[in-house]
Amino acid sequence: MKRGQSEIIGLVVVVLILVFALIFFVKFKNSDSDDESKLIRFNLRANSALNALMKVHTEIDDERMQMKDFIEECISREPIDCSKVEEDLEHQLNFALANSEDYQLIVSKEGDDVFSLGKGCKSSISASPFILRHGERIEFKICT
């Protein structure tokens, strides 16, 4: 009888130690992951914004296409003239980001910048580059 009681008490002590260890682990694990999860959320938002911007249908010079197609078309012309695409992109970004200039969008071809919108950021959250058919890159950064 006494042996059974001592085994139960020992089991209770082990369970209590495990519960306290779990509480301790969860408390310290959550404090470290807040910054990391915030960074992940901002990165997802930047990626979503860039993807949505490239897929928006817009009209330039009575022609209606997706934004990515207009960018490809303007870059493929010689000499490169993307002024109307730049204006429309800036309009779309200002509309989506509520007239905030806390972003930077860079369109490049073969490593050379074709055009850039927004202001340079000291620190930023970058979206994954959007790659077009002929290797052109569109990079989007939201300033923090």
# chains A, B, ... in the order shown; residues from 1 in each chain; ligands from 1
>>> residues_around(residues="A:Leu117", least_positions_apart="6", cutoff="12 Å", atoms="only C-alpha atoms", output="MDAnalysis selection string")
chainID A and resid 82:83 85:94 101:108 138:142
>>> write_last_selection(atoms="C-alpha atoms", output="PDB file, in the first residue's frame")
ATOM      1  CA  CYS A  82       8.477  53.821 -70.110  1.00  0.00           C
ATOM      2  CA  SER A  83       7.187  57.249 -69.070  1.00  0.00           C
ATOM      3  CA  VAL A  85       3.987  53.024 -67.657  1.00  0.00           C
ATOM      4  CA  GLU A  86       5.880  54.820 -64.869  1.00  0.00           C
ATOM      5  CA  GLU A  87       3.017  57.303 -64.440  1.00  0.00           C
ATOM      6  CA  ASP A  88       0.433  54.530 -64.265  1.00  0.00           C
ATOM      7  CA  LEU A  89       2.547  52.439 -61.885  1.00  0.00           C
ATOM      8  CA  GLU A  90       3.015  55.441 -59.603  1.00  0.00           C
ATOM      9  CA  HIS A  91      -0.732  56.122 -59.703  1.00  0.00           C
ATOM     10  CA  GLN A  92      -1.518  52.488 -58.834  1.00  0.00           C
ATOM     11  CA  LEU A  93       1.035  52.417 -55.996  1.00  0.00           C
ATOM     12  CA  ASN A  94      -0.186  55.706 -54.517  1.00  0.00           C
ATOM     13  CA  GLU A 101       5.859  57.389 -50.569  1.00  0.00           C
ATOM     14  CA  ASP A 102       7.346  54.846 -48.184  1.00  0.00           C
ATOM     15  CA  TYR A 103       8.237  52.395 -50.919  1.00  0.00           C
ATOM     16  CA  GLN A 104      10.724  51.822 -53.678  1.00  0.00           C
ATOM     17  CA  LEU A 105      10.011  49.983 -56.922  1.00  0.00           C
ATOM     18  CA  ILE A 106      12.925  49.249 -59.251  1.00  0.00           C
ATOM     19  CA  VAL A 107      12.567  47.856 -62.764  1.00  0.00           C
ATOM     20  CA  SER A 108      15.810  46.529 -64.220  1.00  0.00           C
ATOM     21  CA  ILE A 138      10.932  44.129 -60.691  1.00  0.00           C
ATOM     22  CA  GLU A 139      11.956  44.699 -57.097  1.00  0.00           C
ATOM     23  CA  PHE A 140       9.618  46.174 -54.492  1.00  0.00           C
ATOM     24  CA  LYS A 141      10.583  47.442 -51.046  1.00  0.00           C
ATOM     25  CA  ILE A 142       8.378  48.871 -48.321  1.00  0.00           C
TER      26      ILE A 142
END
>>> select_by_dssp(residues="chain A", states="strand (DSSP E)", output="tab-separated table (two decimals) with C-alpha atoms, in the first residue's frame")
chain	number	residue	atom	x	y	z
A	57	HIS	CA	-5.41	45.31	-65.57
A	58	THR	CA	-4.84	48.88	-66.66
A	59	GLU	CA	-5.33	50.99	-69.74
A	60	ILE	CA	-2.57	52.99	-71.40
A	63	GLU	CA	-4.81	49.49	-74.82
A	64	ARG	CA	-5.85	47.29	-71.87
A	65	MET	CA	-3.38	44.75	-70.46
A	66	GLN	CA	-1.88	43.54	-67.23
A	103	TYR	CA	8.24	52.40	-50.92
A	104	GLN	CA	10.72	51.82	-53.68
A	105	LEU	CA	10.01	49.98	-56.92
A	106	ILE	CA	12.92	49.25	-59.25
A	107	VAL	CA	12.57	47.86	-62.76
A	108	SER	CA	15.81	46.53	-64.22
A	109	LYS	CA	16.95	44.76	-67.37
A	112	ASP	CA	20.80	47.92	-65.30
A	113	ASP	CA	18.01	50.00	-63.77
A	114	VAL	CA	15.43	51.04	-66.35
A	115	PHE	CA	13.43	53.18	-63.92
A	116	SER	CA	12.76	53.55	-60.22
A	117	LEU	CA	9.75	54.88	-58.31
A	118	GLY	CA	9.44	56.03	-54.72
A	124	SER	CA	13.04	48.09	-45.73
A	125	ILE	CA	11.10	44.89	-46.19
A	126	SER	CA	11.77	43.50	-49.66
A	130	PHE	CA	9.16	39.56	-59.88
A	131	ILE	CA	10.88	38.08	-62.94
A	137	ARG	CA	13.38	42.10	-62.72
A	138	ILE	CA	10.93	44.13	-60.69
A	139	GLU	CA	11.96	44.70	-57.10
A	140	PHE	CA	9.62	46.17	-54.49
A	141	LYS	CA	10.58	47.44	-51.05
A	142	ILE	CA	8.38	48.87	-48.32
A	143	CYS	CA	10.30	51.26	-46.07
>>> closest_residue(among="A:Ser123, A:Gln5, A:Ser76, A:Ser128", to="A:Leu44", atoms="only C-alpha atoms")
A:Ser128
>>> select_by_dssp(residues="chain A", states="helix (DSSP H, G or I)", output="number ranges by chain")
A: 2-55, 67-76, 83-96
